[in-house]
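Undergrad: The following file, run-v9.cif, comprises mmCIF, N, CA and C atoms:
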data_entry
loop_
_atom_site.label_atom_id
_atom_site.label_comp_id
_atom_site.auth_asym_id
_atom_site.auth_seq_id
_atom_site.Cartn_x
_atom_site.Cartn_y
_atom_site.Cartn_z
N MET A 1 120.52 -74.85 -65.63
CA MET A 1 121.24 -75.05 -66.88
C MET A 1 122.72 -74.72 -66.63
N ASN A 2 123.55 -75.50 -67.20
CA ASN A 2 124.98 -75.30 -67.10
C ASN A 2 125.34 -73.92 -67.65
N LEU A 3 126.24 -73.19 -66.95
CA LEU A 3 126.60 -71.83 -67.35
C LEU A 3 127.23 -71.80 -68.74
N CYS A 4 128.07 -72.77 -69.05
CA CYS A 4 128.72 -72.83 -70.36
C CYS A 4 127.68 -73.11 -71.45
N ARG A 5 126.73 -74.00 -71.14
CA ARG A 5 125.68 -74.32 -72.11
C ARG A 5 124.79 -73.10 -72.36
N ALA A 6 124.47 -72.37 -71.29
CA ALA A 6 123.64 -71.17 -71.44
C ALA A 6 124.33 -70.14 -72.32
N PHE A 7 125.64 -70.03 -72.20
CA PHE A 7 126.41 -69.11 -73.03
C PHE A 7 126.23 -69.45 -74.50
N TYR A 8 126.40 -70.72 -74.85
CA TYR A 8 126.27 -71.12 -76.25
C TYR A 8 124.83 -71.03 -76.75
N VAL A 9 123.87 -71.25 -75.89
CA VAL A 9 122.46 -71.09 -76.27
C VAL A 9 122.18 -69.62 -76.57
N ASN A 10 122.69 -68.72 -75.73
CA ASN A 10 122.49 -67.28 -75.96
C ASN A 10 123.10 -66.85 -77.28
N VAL A 11 124.32 -67.29 -77.57
CA VAL A 11 124.98 -66.94 -78.82
C VAL A 11 124.19 -67.49 -80.01
N ALA A 12 123.72 -68.72 -79.90
CA ALA A 12 122.94 -69.32 -80.99
C ALA A 12 121.62 -68.57 -81.20
N LEU A 13 120.98 -68.15 -80.12
CA LEU A 13 119.72 -67.40 -80.25
C LEU A 13 119.95 -66.04 -80.91
N VAL A 14 121.03 -65.37 -80.56
CA VAL A 14 121.35 -64.07 -81.17
C VAL A 14 121.59 -64.25 -82.67
N LEU A 15 122.39 -65.24 -83.02
CA LEU A 15 122.68 -65.47 -84.44
C LEU A 15 121.44 -65.86 -85.22
N ALA A 16 120.60 -66.70 -84.63
CA ALA A 16 119.36 -67.11 -85.31
C ALA A 16 118.41 -65.93 -85.49
N ALA A 17 118.28 -65.09 -84.46
CA ALA A 17 117.39 -63.93 -84.56
C ALA A 17 117.86 -62.97 -85.64
N TYR A 18 119.16 -62.72 -85.70
CA TYR A 18 119.67 -61.81 -86.72
C TYR A 18 119.63 -62.44 -88.11
N ALA A 19 119.73 -63.74 -88.20
CA ALA A 19 119.58 -64.41 -89.50
C ALA A 19 118.15 -64.20 -90.03
N VAL A 20 117.17 -64.32 -89.14
CA VAL A 20 115.78 -64.08 -89.54
C VAL A 20 115.60 -62.63 -89.97
N CYS A 21 116.17 -61.70 -89.21
CA CYS A 21 116.06 -60.28 -89.57
C CYS A 21 116.73 -60.01 -90.91
N TYR A 22 117.87 -60.65 -91.16
CA TYR A 22 118.55 -60.49 -92.44
C TYR A 22 117.69 -60.99 -93.60
N LEU A 23 117.11 -62.17 -93.43
CA LEU A 23 116.27 -62.73 -94.49
C LEU A 23 115.03 -61.89 -94.73
N LEU A 24 114.45 -61.34 -93.68
CA LEU A 24 113.29 -60.45 -93.85
C LEU A 24 113.69 -59.16 -94.57
N GLY A 25 114.83 -58.60 -94.19
CA GLY A 25 115.27 -57.35 -94.79
C GLY A 25 115.69 -57.50 -96.25
N GLN A 26 116.17 -58.66 -96.62
CA GLN A 26 116.57 -58.89 -98.01
C GLN A 26 115.46 -59.53 -98.83
N GLY A 27 114.40 -59.95 -98.18
CA GLY A 27 113.29 -60.60 -98.87
C GLY A 27 112.06 -59.73 -98.91
N PRO A 28 111.06 -60.04 -98.05
CA PRO A 28 109.78 -59.34 -98.14
C PRO A 28 109.84 -57.84 -97.82
N LEU A 29 110.82 -57.42 -97.04
CA LEU A 29 110.90 -55.99 -96.67
C LEU A 29 111.96 -55.23 -97.47
N ALA A 30 112.47 -55.82 -98.53
CA ALA A 30 113.56 -55.20 -99.29
C ALA A 30 113.11 -53.92 -100.00
N HIS A 31 111.83 -53.73 -100.22
CA HIS A 31 111.35 -52.52 -100.90
C HIS A 31 111.33 -51.31 -99.97
N LEU A 32 111.51 -51.52 -98.67
CA LEU A 32 111.57 -50.42 -97.72
C LEU A 32 113.03 -50.08 -97.44
N TYR A 33 113.32 -48.80 -97.31
CA TYR A 33 114.71 -48.37 -97.20
C TYR A 33 115.40 -48.87 -95.93
N THR A 34 114.81 -48.58 -94.78
CA THR A 34 115.49 -48.87 -93.52
C THR A 34 115.71 -50.37 -93.28
N PRO A 35 114.70 -51.24 -93.45
CA PRO A 35 114.98 -52.67 -93.24
C PRO A 35 116.03 -53.21 -94.21
N GLU A 36 116.00 -52.75 -95.44
CA GLU A 36 116.97 -53.25 -96.42
C GLU A 36 118.37 -52.75 -96.08
N TRP A 37 118.51 -51.48 -95.75
CA TRP A 37 119.82 -50.91 -95.44
C TRP A 37 120.42 -51.58 -94.21
N THR A 38 119.62 -51.71 -93.14
CA THR A 38 120.14 -52.28 -91.91
C THR A 38 120.42 -53.77 -92.05
N SER A 39 119.64 -54.48 -92.86
CA SER A 39 119.89 -55.92 -93.01
C SER A 39 121.22 -56.18 -93.71
N ARG A 40 121.64 -55.26 -94.57
CA ARG A 40 122.96 -55.43 -95.21
C ARG A 40 124.09 -55.18 -94.22
N ARG A 41 123.80 -54.54 -93.11
CA ARG A 41 124.84 -54.24 -92.12
C ARG A 41 124.68 -55.03 -90.82
N ILE A 42 123.78 -55.99 -90.80
CA ILE A 42 123.55 -56.77 -89.57
C ILE A 42 124.83 -57.42 -89.08
N TRP A 43 125.56 -58.06 -89.97
CA TRP A 43 126.71 -58.86 -89.56
C TRP A 43 127.93 -58.01 -89.23
N PHE A 44 127.91 -56.71 -89.55
CA PHE A 44 129.05 -55.84 -89.28
C PHE A 44 128.80 -54.86 -88.14
N VAL A 45 127.54 -54.53 -87.87
CA VAL A 45 127.23 -53.52 -86.86
C VAL A 45 126.41 -54.11 -85.72
N PHE A 46 125.24 -54.63 -86.03
CA PHE A 46 124.27 -54.99 -85.00
C PHE A 46 124.58 -56.32 -84.32
N ALA A 47 124.85 -57.36 -85.07
CA ALA A 47 125.13 -58.67 -84.47
C ALA A 47 126.38 -58.66 -83.60
N PRO A 48 127.50 -58.04 -84.02
CA PRO A 48 128.66 -58.03 -83.13
C PRO A 48 128.40 -57.32 -81.80
N ALA A 49 127.64 -56.23 -81.84
CA ALA A 49 127.34 -55.51 -80.60
C ALA A 49 126.48 -56.38 -79.67
N THR A 50 125.47 -57.03 -80.22
CA THR A 50 124.61 -57.88 -79.40
C THR A 50 125.38 -59.10 -78.90
N LEU A 51 126.23 -59.67 -79.75
CA LEU A 51 127.04 -60.80 -79.32
C LEU A 51 128.01 -60.40 -78.20
N ALA A 52 128.57 -59.21 -78.28
CA ALA A 52 129.46 -58.74 -77.22
C ALA A 52 128.70 -58.62 -75.90
N VAL A 53 127.47 -58.13 -75.96
CA VAL A 53 126.67 -58.03 -74.74
C VAL A 53 126.31 -59.42 -74.24
N ALA A 54 125.98 -60.34 -75.15
CA ALA A 54 125.63 -61.70 -74.74
C ALA A 54 126.82 -62.43 -74.13
N MET A 55 128.02 -62.16 -74.63
CA MET A 55 129.21 -62.87 -74.14
C MET A 55 129.80 -62.23 -72.89
N PHE A 56 129.80 -60.90 -72.82
CA PHE A 56 130.52 -60.22 -71.74
C PHE A 56 129.63 -59.44 -70.79
N GLY A 57 128.37 -59.28 -71.14
CA GLY A 57 127.49 -58.46 -70.32
C GLY A 57 126.74 -59.27 -69.29
N PRO A 58 125.90 -58.59 -68.52
CA PRO A 58 125.08 -59.28 -67.53
C PRO A 58 124.09 -60.22 -68.21
N PRO A 59 123.63 -61.24 -67.50
CA PRO A 59 122.64 -62.15 -68.09
C PRO A 59 121.39 -61.40 -68.54
N ARG A 60 120.87 -61.78 -69.64
CA ARG A 60 119.64 -61.25 -70.25
C ARG A 60 119.75 -59.81 -70.73
N ALA A 61 120.90 -59.19 -70.64
CA ALA A 61 121.06 -57.82 -71.16
C ALA A 61 121.00 -57.83 -72.68
N TRP A 62 121.38 -58.93 -73.29
CA TRP A 62 121.37 -59.00 -74.75
C TRP A 62 119.96 -58.96 -75.32
N TRP A 63 118.96 -59.31 -74.52
CA TRP A 63 117.58 -59.21 -75.01
C TRP A 63 117.22 -57.76 -75.34
N TRP A 64 117.70 -56.86 -74.52
CA TRP A 64 117.46 -55.43 -74.78
C TRP A 64 118.10 -55.01 -76.09
N SER A 65 119.33 -55.44 -76.27
CA SER A 65 120.06 -55.09 -77.49
C SER A 65 119.35 -55.66 -78.71
N LEU A 66 118.94 -56.92 -78.60
CA LEU A 66 118.25 -57.57 -79.71
C LEU A 66 116.91 -56.90 -80.01
N ALA A 67 116.19 -56.49 -78.97
CA ALA A 67 114.91 -55.80 -79.17
C ALA A 67 115.11 -54.41 -79.75
N GLY A 68 116.25 -53.80 -79.49
CA GLY A 68 116.52 -52.47 -80.03
C GLY A 68 116.63 -52.45 -81.54
N TYR A 69 117.01 -53.56 -82.14
CA TYR A 69 117.13 -53.59 -83.61
C TYR A 69 115.78 -53.45 -84.31
N PRO A 70 114.78 -54.33 -84.06
CA PRO A 70 113.50 -54.14 -84.77
C PRO A 70 112.77 -52.86 -84.39
N VAL A 71 112.89 -52.45 -83.13
CA VAL A 71 112.26 -51.19 -82.71
C VAL A 71 112.91 -50.03 -83.47
N GLY A 72 114.24 -50.06 -83.59
CA GLY A 72 114.94 -49.02 -84.33
C GLY A 72 114.60 -49.01 -85.80
N VAL A 73 114.48 -50.20 -86.38
CA VAL A 73 114.10 -50.28 -87.80
C VAL A 73 112.69 -49.70 -88.00
N LEU A 74 111.78 -50.07 -87.13
CA LEU A 74 110.41 -49.57 -87.25
C LEU A 74 110.35 -48.05 -87.08
N LEU A 75 111.01 -47.54 -86.05
CA LEU A 75 111.02 -46.08 -85.85
C LEU A 75 111.76 -45.37 -86.97
N GLY A 76 112.84 -45.98 -87.45
CA GLY A 76 113.59 -45.39 -88.55
C GLY A 76 112.77 -45.25 -89.81
N GLU A 77 111.96 -46.24 -90.08
CA GLU A 77 111.12 -46.17 -91.27
C GLU A 77 109.94 -45.23 -91.06
N LEU A 78 109.31 -45.29 -89.89
CA LEU A 78 108.13 -44.45 -89.63
C LEU A 78 108.49 -42.97 -89.53
N ILE A 79 109.63 -42.65 -88.98
CA ILE A 79 110.05 -41.25 -88.86
C ILE A 79 110.82 -40.81 -90.10
N GLY A 80 111.66 -41.68 -90.63
CA GLY A 80 112.53 -41.32 -91.74
C GLY A 80 111.83 -41.10 -93.07
N LEU A 81 110.79 -41.88 -93.34
CA LEU A 81 110.11 -41.77 -94.63
C LEU A 81 109.44 -40.40 -94.82
N PRO A 82 108.68 -39.89 -93.84
CA PRO A 82 108.11 -38.55 -94.03
C PRO A 82 109.18 -37.46 -94.17
N LEU A 83 110.28 -37.59 -93.42
CA LEU A 83 111.35 -36.61 -93.55
C LEU A 83 111.99 -36.67 -94.94
N TYR A 84 112.16 -37.87 -95.46
CA TYR A 84 112.72 -38.03 -96.80
C TYR A 84 111.78 -37.45 -97.86
N ARG A 85 110.48 -37.74 -97.71
CA ARG A 85 109.51 -37.21 -98.68
C ARG A 85 109.45 -35.69 -98.66
N ALA A 86 109.56 -35.10 -97.47
CA ALA A 86 109.55 -33.63 -97.37
C ALA A 86 110.79 -33.04 -98.05
N ALA A 87 111.94 -33.67 -97.86
CA ALA A 87 113.17 -33.17 -98.49
C ALA A 87 113.10 -33.35 -100.01
N LEU A 88 112.51 -34.45 -100.45
CA LEU A 88 112.37 -34.69 -101.88
C LEU A 88 111.42 -33.66 -102.51
N ALA A 89 110.33 -33.34 -101.83
CA ALA A 89 109.40 -32.33 -102.33
C ALA A 89 110.08 -30.97 -102.40
N ARG A 90 110.90 -30.65 -101.41
CA ARG A 90 111.64 -29.39 -101.43
C ARG A 90 112.59 -29.34 -102.62
N LEU A 91 113.28 -30.44 -102.88
CA LEU A 91 114.19 -30.49 -104.02
C LEU A 91 113.43 -30.35 -105.34
N GLU A 92 112.28 -31.02 -105.45
CA GLU A 92 111.50 -30.91 -106.68
C GLU A 92 111.03 -29.47 -106.91
N ASP A 93 110.67 -28.78 -105.83
CA ASP A 93 110.29 -27.37 -105.96
C ASP A 93 111.47 -26.53 -106.44
N GLN A 94 112.64 -26.80 -105.91
CA GLN A 94 113.83 -26.05 -106.31
C GLN A 94 114.21 -26.35 -107.76
N LEU A 95 114.00 -27.58 -108.20
CA LEU A 95 114.38 -27.95 -109.56
C LEU A 95 113.46 -27.34 -110.62
N ARG A 96 112.31 -26.85 -110.21
CA ARG A 96 111.41 -26.18 -111.16
C ARG A 96 111.99 -24.86 -111.64
N ASP A 97 112.86 -24.29 -110.85
CA ASP A 97 113.53 -23.05 -111.23
C ASP A 97 114.70 -23.41 -112.16
N PRO A 98 114.67 -22.96 -113.42
CA PRO A 98 115.72 -23.35 -114.37
C PRO A 98 117.11 -22.84 -113.98
N SER A 99 117.19 -21.81 -113.17
CA SER A 99 118.51 -21.30 -112.80
C SER A 99 119.09 -21.98 -111.56
N TYR A 100 118.32 -22.90 -110.97
CA TYR A 100 118.79 -23.56 -109.74
C TYR A 100 119.88 -24.57 -110.06
N GLN A 101 120.98 -24.48 -109.34
CA GLN A 101 122.08 -25.43 -109.46
C GLN A 101 121.97 -26.42 -108.31
N GLN A 102 121.62 -27.65 -108.63
CA GLN A 102 121.43 -28.65 -107.58
C GLN A 102 122.77 -29.01 -106.94
N ASP A 103 122.83 -28.86 -105.62
CA ASP A 103 124.06 -29.18 -104.90
C ASP A 103 123.83 -30.10 -103.70
N TRP A 104 122.66 -30.73 -103.64
CA TRP A 104 122.37 -31.65 -102.55
C TRP A 104 121.39 -32.71 -103.02
N GLN A 105 121.39 -33.83 -102.34
CA GLN A 105 120.44 -34.91 -102.58
C GLN A 105 119.69 -35.18 -101.28
N PRO A 106 118.39 -35.45 -101.36
CA PRO A 106 117.68 -35.78 -100.12
C PRO A 106 118.15 -37.13 -99.59
N GLY A 107 118.22 -37.23 -98.30
CA GLY A 107 118.64 -38.48 -97.68
C GLY A 107 117.56 -39.02 -96.75
N HIS A 108 117.54 -40.32 -96.61
CA HIS A 108 116.60 -40.98 -95.72
C HIS A 108 117.29 -41.19 -94.38
N PRO A 109 116.80 -40.56 -93.29
CA PRO A 109 117.49 -40.66 -92.00
C PRO A 109 117.17 -41.92 -91.21
N GLY A 110 116.51 -42.89 -91.81
CA GLY A 110 116.13 -44.10 -91.08
C GLY A 110 117.30 -44.88 -90.55
N TRP A 111 118.42 -44.85 -91.25
CA TRP A 111 119.57 -45.65 -90.82
C TRP A 111 120.15 -45.13 -89.51
N TRP A 112 120.26 -43.80 -89.37
CA TRP A 112 120.84 -43.30 -88.13
C TRP A 112 119.85 -43.36 -86.98
N ILE A 113 118.56 -43.27 -87.27
CA ILE A 113 117.55 -43.45 -86.22
C ILE A 113 117.64 -44.88 -85.68
N THR A 114 117.78 -45.85 -86.59
CA THR A 114 117.91 -47.24 -86.18
C THR A 114 119.14 -47.44 -85.31
N ILE A 115 120.26 -46.89 -85.72
CA ILE A 115 121.49 -47.07 -84.96
C ILE A 115 121.38 -46.42 -83.58
N LEU A 116 120.80 -45.22 -83.50
CA LEU A 116 120.65 -44.55 -82.20
C LEU A 116 119.74 -45.33 -81.26
N VAL A 117 118.61 -45.82 -81.77
CA VAL A 117 117.69 -46.59 -80.94
C VAL A 117 118.35 -47.89 -80.49
N PHE A 118 119.05 -48.55 -81.41
CA PHE A 118 119.75 -49.79 -81.08
C PHE A 118 120.80 -49.56 -80.00
N LEU A 119 121.62 -48.54 -80.15
CA LEU A 119 122.65 -48.26 -79.15
C LEU A 119 122.04 -47.88 -77.81
N ALA A 120 120.98 -47.10 -77.83
CA ALA A 120 120.32 -46.72 -76.58
C ALA A 120 119.75 -47.95 -75.88
N ALA A 121 119.10 -48.84 -76.62
CA ALA A 121 118.55 -50.06 -76.03
C ALA A 121 119.65 -50.95 -75.47
N THR A 122 120.77 -51.02 -76.17
CA THR A 122 121.89 -51.84 -75.71
C THR A 122 122.45 -51.30 -74.40
N VAL A 123 122.68 -50.01 -74.32
CA VAL A 123 123.24 -49.40 -73.11
C VAL A 123 122.24 -49.49 -71.95
N ILE A 124 120.98 -49.19 -72.23
CA ILE A 124 119.96 -49.26 -71.18
C ILE A 124 119.82 -50.69 -70.67
N GLY A 125 119.81 -51.66 -71.57
CA GLY A 125 119.72 -53.06 -71.16
C GLY A 125 120.89 -53.48 -70.30
N TRP A 126 122.08 -53.05 -70.68
CA TRP A 126 123.28 -53.38 -69.90
C TRP A 126 123.16 -52.81 -68.48
N LEU A 127 122.76 -51.54 -68.40
CA LEU A 127 122.66 -50.89 -67.09
C LEU A 127 121.55 -51.48 -66.22
N VAL A 128 120.39 -51.73 -66.82
CA VAL A 128 119.27 -52.29 -66.06
C VAL A 128 119.61 -53.67 -65.55
N GLN A 129 120.16 -54.51 -66.38
CA GLN A 129 120.48 -55.87 -65.95
C GLN A 129 121.63 -55.89 -64.94
N ARG A 130 122.55 -54.96 -65.07
CA ARG A 130 123.64 -54.88 -64.09
C ARG A 130 123.10 -54.47 -62.73
N ARG A 131 122.14 -53.54 -62.73
CA ARG A 131 121.52 -53.14 -61.46
C ARG A 131 120.74 -54.29 -60.86
N ARG A 132 120.01 -55.02 -61.68
CA ARG A 132 119.25 -56.17 -61.16
C ARG A 132 120.17 -57.24 -60.62
N GLN A 133 121.27 -57.43 -61.30
CA GLN A 133 122.24 -58.44 -60.89
C GLN A 133 122.85 -58.06 -59.54
N ALA A 134 123.05 -56.79 -59.32
CA ALA A 134 123.63 -56.31 -58.06
C ALA A 134 122.60 -56.27 -56.94
N GLY A 135 121.32 -56.43 -57.29
CA GLY A 135 120.28 -56.42 -56.28
C GLY A 135 119.81 -55.03 -55.91
N VAL A 136 120.12 -54.04 -56.71
CA VAL A 136 119.73 -52.67 -56.43
C VAL A 136 118.34 -52.44 -57.04
N THR A 137 117.46 -51.88 -56.25
CA THR A 137 116.12 -51.57 -56.75
C THR A 137 115.86 -50.09 -56.58
N CYS A 138 114.86 -49.61 -57.28
CA CYS A 138 114.50 -48.19 -57.21
C CYS A 138 113.40 -47.95 -56.19
N SER A 139 112.82 -49.00 -55.63
CA SER A 139 111.70 -48.80 -54.71
C SER A 139 112.21 -48.38 -53.34
N ARG A 140 111.41 -47.56 -52.69
CA ARG A 140 111.75 -47.09 -51.34
C ARG A 140 110.87 -47.82 -50.34
N ALA A 141 111.47 -48.24 -49.27
CA ALA A 141 110.72 -49.00 -48.25
C ALA A 141 110.09 -48.08 -47.23
#
Have the structure of the file written as structure tokens, please.
TA:
Amino acid sequence: MNLCRAFYVNVALVLAAYAVCYLLGQGPLAHLYTPEWTSRRIWFVFAPATLAVAMFGPPRAWWWSLAGYPVGVLLGELIGLPLYRAALARLEDQLRDPSYQQDWQPGHPGWWITILVFLAATVIGWLVQRRRQAGVTCSRA
């Protein structure tokens, strides 16, 4: 495949994949915190990072970045929801005391879990593909 054509195919695949993720996050998964929150930020945070890897990084490194988004969303929701529920239960216990002055709101940590997993996958993908491109292997002869 022509190198220029492969570049445009990679960019089109990244945009199409994130468009599907956006539609899922704003549609059937909108009732869940992490998919809805991250889908509103796809075009400002996640897609530009993956596009940068697709345009300037080693070949196929963008697959890692792209895979980091749904894995991060899944982990963010699975880990973040119990943490949020525990914080909410703690707040409800505190609010039972009439003298308690509420000075905090519980937060759902799914968004930062998603971002950390996404960034880790992007960096790992870049490094792994760069090593493969250079022909360096971890096996000992």
Undergrad: Might you spell out which residues the PyMOL selection byres (((chain A and resi 72-74 and name CA) around 7) and name CA) would select in the displayed file, as a VMD selection string?
TA: chain A and resid 34 to 35 68 to 71 75 to 78 113 to 115 117 to 118
Undergrad: Using only N, CA and C atoms, which of A:Leu116, A:Ala134, A:Val123, A:Val11 sits nearest A:Met55?
TA: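 Of A:Leu116, A:Ala134, A:Val123, A:Val11, the one nearest A:Met55, counting only N, CA and C atoms, is A:Val11.
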Undergrad: Report, in Å with one decimal, the straight-line distance from atom CA of A:Ala54 to atom N of A:Arg40.
TA: 21.2 Å
Undergrad: Please indicate the distance in Å from atom CA of A:Gln129 to atom CA of A:Trp63, rounded to one decimal place.
TA: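 Separation between atom CA of A:Gln129 and atom CA of A:Trp63: 10.1 Å.
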Undergrad: Taking the file as shown, find all residues satisfying the PyMOL selection byres ((chain A and resi 43-51) around 8) and write them as a list in words.
TA: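 Applied to this file, the PyMOL selection byres ((chain A and resi 43-51) around 8) returns Asn10, Val11, Val14, Leu15, Tyr18, Tyr22, Thr38, Ser39, Arg40, Arg41, Ile42, Ala52, Val53, Ala54, Met55, Phe56, Gly57, Ala61, Trp62, Trp63, Trp64, Ser65, Leu66, Tyr69, Phe118 and Thr122 of chain A.
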Undergrad: Counting only C-alpha atoms, figure out which residue out of A:Pro59, A:Phe7, A:Arg130, A:Ala67 gets nearest to A:Cys21.
TA: A:Ala67
Undergrad: How would you write, as a ChimeraX atom specification, the set of residues in chain A that DSSP gives as alpha helix (DSSP H)?
TA: /A:3-26,33-40,47-56,61-95,110-134
Undergrad: Between atom CA of A:Trp37 and atom CA of A:Ala12, measure the distance and give it in Å to one decimal.
TA: 23.6 Å
